[in-house]
$ cat structure-v1.cif   # mmCIF, C-alpha atoms
data_start
#
loop_
_atom_site.label_atom_id
_atom_site.label_comp_id
_atom_site.auth_asym_id
_atom_site.auth_seq_id
_atom_site.Cartn_x
_atom_site.Cartn_y
_atom_site.Cartn_z
CA MET A 1 -55.79 195.60 92.74
CA TRP A 2 -54.71 192.18 93.90
CA ILE A 3 -54.55 189.39 91.37
CA PRO A 4 -54.49 185.80 92.63
CA ILE A 5 -51.30 184.60 91.00
CA GLN A 6 -49.03 182.26 92.86
CA LEU A 7 -45.48 181.51 91.85
CA ASN A 8 -43.66 178.32 92.56
CA GLU A 9 -40.05 179.39 92.87
CA GLN A 10 -38.75 175.86 92.63
CA SER A 11 -40.77 174.97 89.56
CA ALA A 12 -38.90 174.21 86.36
CA GLU A 13 -41.36 176.45 84.54
CA PRO A 14 -39.87 179.90 83.92
CA MET A 15 -41.53 182.64 85.97
CA TYR A 16 -42.96 184.45 82.94
CA HIS A 17 -44.62 181.23 81.85
CA GLN A 18 -46.18 180.57 85.26
CA ILE A 19 -47.54 184.11 85.41
CA GLU A 20 -48.79 184.01 81.83
CA VAL A 21 -50.66 180.71 82.26
CA GLN A 22 -52.36 181.87 85.46
CA LEU A 23 -53.25 185.33 84.19
CA ARG A 24 -54.63 183.87 80.95
CA ALA A 25 -56.78 181.44 82.93
CA LEU A 26 -58.12 184.28 85.08
CA ILE A 27 -59.11 186.26 82.00
CA VAL A 28 -60.54 183.40 79.96
CA SER A 29 -62.54 182.03 82.89
CA GLY A 30 -64.08 185.47 83.34
CA GLN A 31 -62.68 185.89 86.88
CA LEU A 32 -61.13 189.06 85.55
CA ALA A 33 -64.00 190.73 83.71
CA GLU A 34 -63.73 192.67 80.49
CA GLY A 35 -62.53 196.20 81.14
CA THR A 36 -60.72 195.38 84.41
CA LEU A 37 -57.70 197.61 84.87
CA LEU A 38 -54.65 195.50 85.61
CA PRO A 39 -51.89 196.66 87.98
CA SER A 40 -49.06 198.57 86.34
CA ILE A 41 -46.09 196.56 85.23
CA ARG A 42 -43.96 197.84 88.11
CA GLU A 43 -46.70 197.16 90.63
CA LEU A 44 -47.26 193.55 89.60
CA ALA A 45 -43.51 192.99 89.44
CA GLN A 46 -43.27 194.24 93.02
CA THR A 47 -46.09 191.99 94.20
CA LEU A 48 -44.67 188.89 92.54
CA LYS A 49 -41.05 189.81 93.33
CA CYS A 50 -39.95 189.50 89.76
CA SER A 51 -38.49 191.97 87.31
CA VAL A 52 -40.54 194.36 85.17
CA ILE A 53 -39.01 192.68 82.14
CA THR A 54 -40.85 189.47 82.99
CA ILE A 55 -44.21 191.23 83.52
CA ARG A 56 -43.81 193.29 80.36
CA ARG A 57 -43.27 190.09 78.42
CA VAL A 58 -46.44 188.55 79.88
CA TYR A 59 -48.57 191.63 79.16
CA GLN A 60 -47.16 191.79 75.63
CA ASP A 61 -47.86 188.11 74.92
CA LEU A 62 -51.43 188.35 76.20
CA GLU A 63 -51.96 191.55 74.26
CA ASN A 64 -50.82 189.76 71.10
CA GLU A 65 -53.34 187.03 71.88
CA GLY A 66 -56.03 189.68 72.12
CA LEU A 67 -56.73 189.10 75.81
CA LEU A 68 -55.37 192.46 76.96
CA ARG A 69 -55.26 195.91 75.51
CA THR A 70 -53.10 198.82 76.50
CA LYS A 71 -54.31 202.38 76.40
CA GLN A 72 -51.45 204.80 76.15
CA GLY A 73 -51.01 206.61 79.41
CA THR A 74 -53.85 204.96 81.31
CA GLY A 75 -52.84 201.34 81.63
CA THR A 76 -53.55 197.77 80.63
CA TYR A 77 -57.11 196.44 80.53
CA VAL A 78 -58.75 193.07 80.07
CA ALA A 79 -60.13 192.87 76.53
CA LYS A 80 -63.33 191.24 75.37
CA VAL A 81 -62.89 187.51 75.09
CA GLY A 82 -64.85 185.97 72.23
CA ASP A 83 -66.83 182.74 72.83
CA GLU A 84 -64.67 180.84 70.39
CA MET A 85 -61.50 181.96 72.13
CA ARG A 86 -62.98 181.18 75.52
CA ASP A 87 -63.78 177.68 74.33
CA ILE A 88 -60.29 177.08 72.95
CA HIS A 89 -58.74 178.19 76.22
CA ARG A 90 -61.31 176.35 78.27
CA ARG A 91 -60.30 173.11 76.59
CA SER A 92 -56.58 173.78 76.35
CA SER A 93 -55.90 173.77 80.09
CA VAL A 94 -57.86 170.52 80.46
CA ILE A 95 -56.00 168.95 77.56
CA GLU A 96 -52.72 169.99 79.14
CA ALA A 97 -53.68 168.35 82.44
CA LEU A 98 -54.79 165.17 80.68
CA GLU A 99 -51.53 165.02 78.76
CA ALA A 100 -49.64 165.17 82.06
CA ALA A 101 -51.83 162.37 83.40
CA VAL A 102 -51.22 160.25 80.31
CA ASP A 103 -47.46 160.83 80.62
CA ALA A 104 -47.64 159.63 84.22
CA GLY A 105 -49.51 156.53 83.08
CA VAL A 106 -47.08 155.76 80.27
CA ARG A 107 -44.17 156.02 82.72
CA VAL A 108 -45.57 153.15 84.76
CA ARG A 109 -46.67 151.25 81.61
CA CYS A 110 -50.41 151.52 81.97
CA SER A 111 -52.39 150.17 79.03
CA ASP A 112 -54.90 152.39 77.23
CA GLU A 113 -57.79 150.41 78.70
CA GLU A 114 -56.41 150.76 82.20
CA MET A 115 -56.13 154.51 81.81
CA MET A 116 -59.61 154.88 80.32
CA GLU A 117 -60.97 152.87 83.20
CA MET A 118 -59.20 155.07 85.72
CA LEU A 119 -60.56 158.19 84.07
CA ARG A 120 -64.11 156.79 84.15
CA ASP A 121 -63.63 155.79 87.79
CA ILE A 122 -62.44 159.23 88.80
CA LEU A 123 -65.24 160.91 86.89
CA GLN A 124 -67.79 158.69 88.59
CA ARG A 125 -66.35 159.28 92.05
CA ARG A 126 -66.19 163.05 91.60
CA ARG A 127 -69.70 163.27 90.18
CA ASN A 128 -71.04 161.23 93.07
CA ALA A 129 -69.12 163.30 95.61
CA ASN A 130 -70.46 166.52 94.15
CA GLY A 131 -73.91 165.07 93.76
CA THR A 132 -74.10 166.04 90.10
CA MET B 133 -34.29 201.64 71.89
CA GLN B 134 -33.74 204.52 74.30
CA SER B 135 -30.21 205.65 74.97
CA PRO B 136 -28.86 204.23 78.22
CA ALA B 137 -28.99 206.30 81.41
CA ILE B 138 -25.32 205.60 81.98
CA GLU B 139 -22.74 204.46 79.49
CA VAL B 140 -19.20 203.56 80.48
CA LYS B 141 -16.64 202.75 77.80
CA GLY B 142 -13.19 201.36 78.48
CA MET B 143 -12.97 203.07 81.85
CA VAL B 144 -9.83 202.44 83.92
CA GLN B 145 -8.94 203.98 87.25
CA LYS B 146 -5.49 203.15 88.60
CA ARG B 147 -4.65 203.47 92.25
CA SER B 148 -1.52 202.32 94.06
CA HIS B 149 -3.38 199.46 95.72
CA PHE B 150 -6.22 198.83 93.30
CA GLU B 151 -7.11 198.99 89.66
CA LEU B 152 -10.68 199.48 88.57
CA GLY B 153 -11.57 198.35 85.07
CA PRO B 154 -11.42 198.28 82.18
CA ILE B 155 -15.16 198.65 82.57
CA ASP B 156 -17.73 198.70 79.78
CA LEU B 157 -21.27 199.08 80.97
CA ALA B 158 -24.61 200.41 79.77
CA ILE B 159 -27.28 200.99 82.41
CA PRO B 160 -30.73 200.99 80.76
CA ARG B 161 -33.23 203.78 81.37
CA GLY B 162 -36.44 202.97 83.18
CA TYR B 163 -35.04 200.04 85.17
CA VAL B 164 -33.47 199.23 88.51
CA THR B 165 -29.98 197.85 88.07
CA ALA B 166 -28.16 196.41 91.06
CA ILE B 167 -24.40 196.16 91.29
CA VAL B 168 -23.44 193.14 93.32
CA GLY B 169 -19.95 192.16 94.36
CA PRO B 170 -17.74 191.41 97.35
CA ASN B 171 -16.23 194.14 99.53
CA GLY B 172 -13.48 196.07 97.82
CA SER B 173 -14.49 195.11 94.32
CA GLY B 174 -14.73 198.74 93.23
CA LYS B 175 -18.44 199.50 93.46
CA SER B 176 -18.09 202.76 95.37
CA SER B 177 -15.15 203.87 93.22
CA LEU B 178 -17.31 203.32 90.16
CA PHE B 179 -20.08 205.47 91.66
CA ARG B 180 -17.60 208.24 92.37
CA CYS B 181 -16.36 208.15 88.78
CA LEU B 182 -19.92 208.23 87.45
CA LEU B 183 -20.52 211.43 89.42
CA ASP B 184 -17.21 213.02 88.47
CA LEU B 185 -16.16 212.99 92.14
CA ALA B 186 -13.11 211.04 91.01
CA LYS B 187 -11.45 210.96 87.62
CA PRO B 188 -10.80 207.80 85.66
CA ASP B 189 -7.39 207.48 84.01
CA ARG B 190 -8.84 206.24 80.77
CA GLY B 191 -12.16 205.79 79.08
CA GLU B 192 -15.40 207.66 78.71
CA ILE B 193 -18.47 208.07 80.86
CA GLU B 194 -21.80 209.38 79.67
CA VAL B 195 -24.57 210.13 82.14
CA LEU B 196 -28.12 211.02 81.03
CA GLY B 197 -26.82 211.57 77.53
CA GLU B 198 -24.04 213.97 78.51
CA LYS B 199 -20.34 213.39 78.71
CA GLN B 200 -19.10 213.32 82.28
CA GLY B 201 -15.91 215.00 83.46
CA ALA B 202 -15.34 217.64 80.80
CA PHE B 203 -16.52 220.49 83.02
CA ASP B 204 -18.54 220.92 86.18
CA ASN B 205 -21.93 220.24 84.64
CA TRP B 206 -24.19 221.17 87.56
CA GLN B 207 -27.35 221.16 85.44
CA MET B 208 -26.80 217.53 84.66
CA LYS B 209 -25.97 216.73 88.28
CA ALA B 210 -29.21 218.40 89.34
CA ARG B 211 -31.03 215.59 87.49
CA ILE B 212 -29.30 212.98 89.63
CA GLY B 213 -29.85 211.87 93.22
CA TYR B 214 -26.99 210.25 95.10
CA VAL B 215 -26.76 208.49 98.42
CA PRO B 216 -23.07 207.86 99.09
CA GLU B 217 -21.78 204.89 101.04
CA GLU B 218 -20.86 207.07 104.00
CA ASN B 219 -22.22 210.46 104.84
CA SER B 220 -19.93 213.36 105.44
CA SER B 221 -19.51 214.62 109.01
CA VAL B 222 -19.11 218.17 107.71
CA TYR B 223 -22.80 218.87 108.27
CA ASP B 224 -23.09 217.27 111.70
CA HIS B 225 -23.71 220.60 113.45
CA MET B 226 -26.74 221.35 111.26
CA LYS B 227 -30.32 220.52 111.98
CA ALA B 228 -31.98 218.30 109.39
CA GLU B 229 -34.15 221.18 108.16
CA GLN B 230 -31.06 223.38 107.76
CA LYS B 231 -29.32 220.74 105.71
CA ALA B 232 -32.44 220.42 103.55
CA ALA B 233 -32.58 224.19 103.00
CA PHE B 234 -28.91 224.12 102.08
CA THR B 235 -29.24 221.19 99.68
CA ARG B 236 -32.34 222.69 98.09
CA GLN B 237 -30.35 225.61 96.66
CA TRP B 238 -28.56 223.33 94.22
CA TYR B 239 -31.69 221.72 92.84
CA PRO B 240 -34.08 223.89 90.81
CA GLN B 241 -36.52 220.96 90.67
CA TRP B 242 -36.67 220.60 94.47
CA ASP B 243 -40.22 219.60 95.38
CA ILE B 244 -41.12 220.81 98.86
CA ASN B 245 -44.28 218.70 99.03
CA ARG B 246 -42.38 215.61 98.04
CA TYR B 247 -39.79 216.41 100.71
CA GLN B 248 -42.49 216.77 103.39
CA GLU B 249 -44.17 213.57 102.28
CA LEU B 250 -40.91 211.62 102.55
CA ILE B 251 -40.13 213.19 105.95
CA ARG B 252 -43.49 211.89 107.14
CA ARG B 253 -43.15 208.46 105.57
CA PHE B 254 -39.71 207.88 107.04
CA GLU B 255 -40.71 209.50 110.35
CA ILE B 256 -37.85 211.97 110.55
CA ASP B 257 -37.83 214.84 113.03
CA PRO B 258 -36.45 217.73 110.95
CA SER B 259 -35.58 219.80 114.01
CA LEU B 260 -33.01 217.21 115.07
CA LYS B 261 -29.32 217.91 114.62
CA LEU B 262 -27.68 215.47 112.23
CA ARG B 263 -25.13 214.61 114.92
CA LYS B 264 -27.95 213.41 117.16
CA MET B 265 -29.41 211.10 114.56
CA SER B 266 -28.88 207.36 114.71
CA LYS B 267 -27.13 205.73 111.77
CA GLY B 268 -30.40 204.44 110.34
CA MET B 269 -32.20 207.73 110.78
CA ARG B 270 -29.36 209.54 109.06
CA ARG B 271 -29.53 207.05 106.22
CA LYS B 272 -33.25 207.66 105.76
CA PHE B 273 -32.64 211.40 105.76
CA ASP B 274 -29.91 211.05 103.13
CA LEU B 275 -32.32 209.12 100.96
CA ILE B 276 -34.95 211.85 101.35
CA LEU B 277 -32.43 214.53 100.33
CA ALA B 278 -31.47 212.47 97.29
CA MET B 279 -35.09 212.01 96.19
CA ALA B 280 -36.76 215.34 97.02
CA HIS B 281 -35.99 216.82 93.60
CA ASN B 282 -37.52 213.83 91.77
CA PRO B 283 -34.27 212.94 90.01
CA GLU B 284 -34.22 211.13 86.68
CA LEU B 285 -31.37 208.99 87.93
CA LEU B 286 -30.91 207.73 91.46
CA LEU B 287 -27.55 206.34 92.54
CA LEU B 288 -27.67 204.42 95.80
CA ASP B 289 -24.53 203.06 97.41
CA GLU B 290 -25.57 200.48 100.00
CA PRO B 291 -28.77 202.41 100.73
CA SER B 292 -30.12 200.18 103.46
CA SER B 293 -27.11 199.91 105.75
CA GLY B 294 -28.27 200.65 109.27
CA LEU B 295 -32.00 200.55 108.47
CA ASP B 296 -34.33 198.59 110.72
CA PRO B 297 -36.68 196.13 108.97
CA ILE B 298 -39.61 198.53 108.99
CA ALA B 299 -37.61 201.41 107.55
CA TRP B 300 -36.17 198.97 105.04
CA ARG B 301 -39.64 198.06 103.81
CA THR B 302 -40.58 201.71 103.55
CA MET B 303 -37.47 202.30 101.47
CA ILE B 304 -38.29 199.43 99.11
CA ASP B 305 -41.82 200.77 98.70
CA VAL B 306 -40.67 204.36 98.15
CA ILE B 307 -38.24 203.22 95.44
CA HIS B 308 -40.93 201.11 93.75
CA ARG B 309 -43.26 204.10 93.67
CA TYR B 310 -40.50 206.32 92.40
CA MET B 311 -40.01 203.90 89.49
CA GLU B 312 -43.73 203.72 88.70
CA SER B 313 -43.65 206.32 85.91
CA GLY B 314 -41.29 204.11 83.93
CA GLU B 315 -38.99 206.98 82.95
CA ARG B 316 -36.64 206.87 85.90
CA THR B 317 -33.53 204.87 86.54
CA VAL B 318 -31.96 203.46 89.68
CA LEU B 319 -28.43 202.17 89.96
CA MET B 320 -27.72 200.67 93.34
CA ALA B 321 -24.91 198.79 95.00
CA SER B 322 -26.10 196.27 97.53
CA HIS B 323 -25.02 193.30 99.62
CA ILE B 324 -28.54 192.52 100.72
CA ILE B 325 -29.77 189.62 98.65
CA ASP B 326 -33.42 190.20 99.49
CA GLU B 327 -33.13 193.84 98.52
CA VAL B 328 -31.70 192.95 95.12
CA ARG B 329 -34.38 190.30 94.64
CA ARG B 330 -37.17 192.72 95.40
CA LEU B 331 -35.90 195.76 93.56
CA ALA B 332 -33.62 194.87 90.71
CA ASP B 333 -34.54 194.26 87.08
CA TYR B 334 -30.93 193.83 86.03
CA ILE B 335 -27.91 192.62 87.99
CA VAL B 336 -24.29 193.54 87.33
CA PHE B 337 -21.61 191.44 89.01
CA ILE B 338 -18.38 193.24 89.80
CA VAL B 339 -15.38 191.38 91.20
CA HIS B 340 -11.82 192.70 91.62
CA GLY B 341 -12.62 195.86 89.68
CA ARG B 342 -14.00 194.03 86.66
CA VAL B 343 -17.52 193.47 85.40
CA LEU B 344 -18.27 189.74 85.20
CA GLY B 345 -21.51 190.34 83.38
CA MET B 346 -24.90 191.98 83.34
CA TYR B 347 -28.00 189.82 83.56
CA GLU B 348 -31.75 190.10 83.57
CA LYS B 349 -32.59 189.08 87.11
CA ASP B 350 -35.35 186.50 86.56
CA THR B 351 -33.48 184.83 83.71
CA LEU B 352 -30.37 184.63 85.86
CA LEU B 353 -32.21 183.09 88.79
CA GLU B 354 -33.97 180.63 86.51
CA SER B 355 -30.86 179.44 84.74
CA TRP B 356 -28.63 178.66 87.74
CA SER B 357 -29.67 175.45 89.41
CA MET B 358 -28.31 172.70 91.59
CA LEU B 359 -29.48 169.24 90.72
CA TYR B 360 -29.00 165.72 91.92
CA ALA B 361 -28.71 163.32 89.01
CA ASP B 362 -28.61 159.55 88.90
CA THR B 363 -26.34 158.21 86.16
CA ALA B 364 -27.26 154.58 86.87
CA GLY B 365 -23.58 153.72 87.05
CA SER B 366 -22.31 155.07 83.75
CA LYS B 367 -19.33 157.43 83.73
CA GLU B 368 -20.45 160.87 82.64
CA GLN B 369 -18.38 163.67 81.18
CA TRP B 370 -20.06 166.39 83.21
CA ARG B 371 -17.69 168.99 81.75
CA SER B 372 -19.40 168.60 78.39
CA MET B 373 -22.82 169.40 79.85
CA PRO B 374 -23.96 172.89 78.76
CA GLY B 375 -23.49 175.38 81.59
CA CYS B 376 -21.78 172.88 83.88
CA HIS B 377 -20.20 174.70 86.78
CA SER B 378 -19.36 171.84 89.09
CA ALA B 379 -20.15 168.18 89.56
CA GLU B 380 -19.35 166.14 92.62
CA PHE B 381 -19.95 162.56 93.55
CA ALA B 382 -22.81 162.26 96.01
CA GLY B 383 -22.76 158.54 96.76
CA GLY B 384 -24.21 155.53 94.93
CA SER B 385 -24.54 156.51 91.31
CA THR B 386 -25.66 160.03 92.17
CA TYR B 387 -23.97 163.33 91.43
CA LYS B 388 -24.57 166.84 92.69
CA VAL B 389 -24.30 169.15 89.72
CA VAL B 390 -24.43 172.93 89.51
CA THR B 391 -25.35 174.46 86.17
CA SER B 392 -25.73 177.95 84.78
CA ASN B 393 -27.97 176.73 81.98
CA MET B 394 -30.80 174.72 83.50
CA ILE B 395 -32.83 174.19 80.33
CA GLU B 396 -30.00 172.84 78.19
CA SER B 397 -28.58 170.81 81.07
CA GLU B 398 -31.93 169.10 81.47
CA GLU B 399 -32.03 168.26 77.78
CA TRP B 400 -28.48 167.00 77.93
CA CYS B 401 -29.37 164.68 80.82
CA ARG B 402 -32.54 163.47 79.14
CA ALA B 403 -30.64 162.66 75.93
CA ARG B 404 -28.24 160.49 77.96
CA GLY B 405 -30.90 158.81 80.04
CA ILE B 406 -29.63 160.46 83.21
CA HIS B 407 -32.43 160.70 85.72
CA ILE B 408 -32.73 164.02 87.54
CA LEU B 409 -33.78 163.25 91.12
CA SER B 410 -34.19 166.82 92.30
CA LYS B 411 -33.44 170.34 91.27
CA GLN B 412 -33.22 173.55 93.17
CA ARG B 413 -32.64 177.10 92.11
CA LEU B 414 -29.58 178.85 93.45
CA GLU B 415 -29.84 182.01 95.47
CA LEU B 416 -28.06 185.14 94.30
CA ASP B 417 -25.19 184.77 96.76
CA ASP B 418 -24.58 181.20 95.59
CA ILE B 419 -24.54 182.40 92.00
CA LEU B 420 -22.09 185.16 92.90
CA THR B 421 -19.84 182.68 94.70
CA ALA B 422 -19.92 180.33 91.71
CA MET B 423 -19.09 183.18 89.34
CA ILE B 424 -16.17 184.31 91.50
CA GLU B 425 -14.85 180.74 91.45
CA GLN B 426 -15.15 180.63 87.65
CA GLU B 427 -13.38 183.97 87.37
CA ARG B 428 -10.53 182.71 89.57
CA LEU B 429 -10.13 179.61 87.42
CA ARG B 430 -10.21 181.74 84.29
CA ILE B 431 -7.42 183.99 85.62
CA GLN B 432 -5.32 181.01 86.69
CA SER B 433 -5.52 179.30 83.33
#
$ encode --input "structure-v1.cif" --output "C-alpha cells"
Amino acid sequence: MWIPIQLNEQSAEPMYHQIEVQLRALIVSGQLAEGTLLPSIRELAQTLKCSVITIRRVYQDLENEGLLRTKQGTGTYVAKVGDEMRDIHRRSSVIEALEAAVDAGVRVRCSDEEMMEMLRDILQRRRNANGT
Amino acid sequence: MQSPAIEVKGMVQKRSHFELGPIDLAIPRGYVTAIVGPNGSGKSSLFRCLLDLAKPDRGEIEVLGEKQGAFDNWQMKARIGYVPEENSSVYDHMKAEQKAAFTRQWYPQWDINRYQELIRRFEIDPSLKLRKMSKGMRRKFDLILAMAHNPELLLLDEPSSGLDPIAWRTMIDVIHRYMESGERTVLMASHIIDEVRRLADYIVFIVHGRVLGMYEKDTLLESWSMLYADTAGSKEQWRSMPGCHSAEFAGGSTYKVVTSNMIESEEWCRARGIHILSKQRLELDDILTAMIEQERLRIQS
C-alpha cells in the first residue's frame, strides 16, 4: 500500500525523524485506521529511498509508543489509538507549530501583545474564509 | 546479534603492482552493503578473495559462517550467487538455455520456476547464443544465473554496467524483492550513485586497497553537509569545528564550509553566533571525493 509520506532531502531534520513525525500524524489522525497493514520495512525503505535501518527505527519507536504492533511473520499493523493518546498527539503538533511561530516572532522582536493580535487576526481571517 | 554474512580479518593480498589490505570488514546479514571506491581500488580483487578465486597472502575470511580457502567448499559456494565484473568468453558458443542447464548442475537449490520468472522479467530469449547477446542482455542473463538458486548471499560486481534504464529499474526491483524476506544479504560494488542510494543500507568506502570506513547510508548522507556561514567579520578557527573538512572564503564575511558532522557543526556555529545562511547535503560522490582528500592528507602527514 502507498503511504503519503514526503521527505525533504534538504531539511535539517534527520530522515528517520521526518518519517516518524508524518507516520505518527497519519495514525493519530485516523487516516491510517486501526488494523491497517503497513508496508514491510524493505518496501517502505524502497519507496522512500532510505535504508531499512531508518525504517526499522521508525517502526520500533512507534511500536514503543503503542501506535504500531508487529505480529511475528505477518507484518506491522496500526494499533488502537486511545482517545487520551489521540488528544495528546492532536495538540502536540499544533503546539510545535505555534512554538515555531513564536520563535519567528521573537527573532524580529515582536511583543507578546503583537503576537496575540496576529494570532487573533489569522484565526478571524481563516474562520471567515472557511465560513465557520 | 546475528553473525555477519562475511567477515574479513587482517586480509592482505600482495601483487607486484598493487597491495590490497590490510582489510578488516564485517558485512551484516539481512542488508545490502555497497562497496564504493575509485577504479583500481581493489573492489574486484576483494570479491575474488571472498569467493576463494584468489588467495590472500595473510588474514582470514569467513563466509556464511564457514572459513574460506581451506578446501574447495562447494556446498558453501552453492549458497552464494556471484555476478563477476566481466563474464567469461568460454561459454560464448552456448545458447543461454544450455548455459543455464550447465550452471544448474552445481546448485542443488536451483529453482526452475524462479529461473523462468526472471527470464520473463528481464525479457531474455533463452534460445539465443551468448555470443549473440548484447552487453546489457548478457549482464541480465548473468544476474538471472546468479539468482535462480535463491542464494543466501549475492555478490554483485558492477551489476548494472551496460544495462539500459528500463533494465536497470527491473534489476533494482528484483534485488529489492529478493531482500524482502530479511534473511538474505547483498554485497555489491558500484560506481552508480543512484544505484547505491536506492539499494544500499550500508556503504563501505575502499580507496587504494584500504577500507576508509563503513557507514549506515542515511546517517552518512545526513551528516555530510556544505554550508555557507556568515561570521560577521570575526576570524574563525574553522579547524576546531567538529567534523570540519574544508572552509574557504566566499566573499564579504561569508565562508563555504564542508562538514562531516552537521549536527555538531551547527551547534558550534550557534555557540559562536555564526549565522548559517544555507546548508545543503552532499551527494555520495562528493563525500567520497572529500574522504579521498582526507586520506591523502593523512598519508602525507
$ resolve_selection --input "structure-v1.cif" --expression "the PyMOL selection byres ((chain B) within 7 of (chain A))" --output "ChimeraX atom specification"
/B:312,329-330,332-333,349-350,354,412-413
$ resolve_selection --input "structure-v1.cif" --expression "the PyMOL selection byres ((chain B and resi 221) around 12)" --output "list in words"
Glu218, Asn219, Ser220, Val222, Tyr223, Asp224, His225, Met226, Lys261, Leu262, Arg263, Lys264, Met265 and Arg270 of chain B
$ resolve_selection --input "structure-v1.cif" --expression "the PyMOL selection byres ((chain B and resi 150) around 10)" --output "VMD selection string"
chain B and resid 145 to 149 151 to 153 172 to 174 340 to 341
$ residues_around --input "structure-v1.cif" --residues "Ala232 (chain B)" --least-positions-apart "3" --cutoff "9 Å" --atoms "all atoms listed in the file" --output "list in words"
Lys227, Ala228, Glu229, Thr235, Arg236, Gln237, Tyr247, Pro258 and Leu277 of chain B
$ closest_residue --input "structure-v1.cif" --among "B:Leu196, B:Ile167, B:Ala278, B:Ala422" --to "Ser135 (chain B)" --atoms "only C-alpha atoms"
B:Leu196
$ residues_near_point --input "structure-v1.cif" --point "(-52.5, 183.6, 83.7)" --cutoff "10 Å" --atoms "all atoms listed in the file" --output "ChimeraX atom specification"
/A:3-6,16-28,58,62
$ atom_distance --input "structure-v1.cif" --atom1 "CA of Ala364 (chain B)" --atom2 "CA of Ser385 (chain B)"
5.6 Å
$ atom_distance --input "structure-v1.cif" --atom1 "CA of Glu427 (chain B)" --atom2 "CA of Ile324 (chain B)"
21.9 Å
$ residues_near_point --input "structure-v1.cif" --point "(-67.5, 184.9, 75.4)" --cutoff "12 Å" --atoms "only C-alpha atoms" --output "list in words"
Ile27, Val28, Ser29, Gly30, Ala33, Glu34, Leu67, Ala79, Lys80, Val81, Gly82, Asp83, Glu84, Met85, Arg86, Asp87, Ile88, His89 and Arg90 of chain A
$ atom_distance --input "structure-v1.cif" --atom1 "CA of Arg57 (chain A)" --atom2 "CA of His308 (chain B)"
19.0 Å
$ axis_aligned_box --input "structure-v1.cif" --around "region 116-125 of chain A" --padding-each-side "5 Å" --output "JSON"
{"center_x": -63.5, "center_y": 156.9, "center_z": 86.2, "size_x": 18.6, "size_y": 18.0, "size_z": 21.7}
$ closest_residue --input "structure-v1.cif" --among "A:Asn64, A:Met115, A:Leu37, A:Met1" --to "Glu99 (chain A)" --atoms "all atoms listed in the file"
A:Met115
$ residues_around --input "structure-v1.cif" --residues "Ile325 (chain B)" --least-positions-apart "2" --cutoff "7 Å" --atoms "all atoms listed in the file" --output "PyMOL selection string"
chain B and resi 323+327-329+416-417
$ residues_around --input "structure-v1.cif" --residues "Glu315 (chain B)" --least-positions-apart "5" --cutoff "10 Å" --atoms "all atoms listed in the file" --output "list in words"
Arg161, Gly162, Tyr163, Glu284, Leu285 and Tyr310 of chain B
$ build_atoms --input "structure-v1.cif" --residues "region 89-102 of chain A" --atoms "N, CA and C atoms" --output "CSV table (one decimal), keeping the file's coordinate frame"
chain,number,residue,atom,x,y,z
A,89,HIS,N,-59.5,178.1,75.0
A,89,HIS,CA,-58.7,178.2,76.2
A,89,HIS,C,-59.3,177.3,77.3
A,90,ARG,N,-60.6,177.2,77.3
A,90,ARG,CA,-61.3,176.4,78.3
A,90,ARG,C,-60.8,174.9,78.1
A,91,ARG,N,-60.7,174.5,76.9
A,91,ARG,CA,-60.3,173.1,76.6
A,91,ARG,C,-58.8,172.9,76.8
A,92,SER,N,-58.0,174.0,76.4
A,92,SER,CA,-56.6,173.8,76.4
A,92,SER,C,-56.0,173.4,77.7
A,93,SER,N,-56.5,174.1,78.8
A,93,SER,CA,-55.9,173.8,80.1
A,93,SER,C,-56.3,172.3,80.5
A,94,VAL,N,-57.5,171.9,80.1
A,94,VAL,CA,-57.9,170.5,80.5
A,94,VAL,C,-57.0,169.5,79.7
A,95,ILE,N,-56.8,169.8,78.4
A,95,ILE,CA,-56.0,169.0,77.6
A,95,ILE,C,-54.6,168.8,78.1
A,96,GLU,N,-54.1,170.0,78.6
A,96,GLU,CA,-52.7,170.0,79.1
A,96,GLU,C,-52.6,169.1,80.4
A,97,ALA,N,-53.7,169.2,81.2
A,97,ALA,CA,-53.7,168.4,82.4
A,97,ALA,C,-53.8,166.9,82.1
A,98,LEU,N,-54.6,166.6,81.1
A,98,LEU,CA,-54.8,165.2,80.7
A,98,LEU,C,-53.5,164.6,80.1
A,99,GLU,N,-52.8,165.5,79.3
A,99,GLU,CA,-51.5,165.0,78.8
A,99,GLU,C,-50.6,164.6,79.9
A,100,ALA,N,-50.5,165.5,80.9
A,100,ALA,CA,-49.6,165.2,82.1
A,100,ALA,C,-50.0,163.8,82.7
A,101,ALA,N,-51.3,163.6,82.8
A,101,ALA,CA,-51.8,162.4,83.4
A,101,ALA,C,-51.4,161.2,82.5
A,102,VAL,N,-51.6,161.3,81.2
A,102,VAL,CA,-51.2,160.2,80.3
A,102,VAL,C,-49.7,159.9,80.4
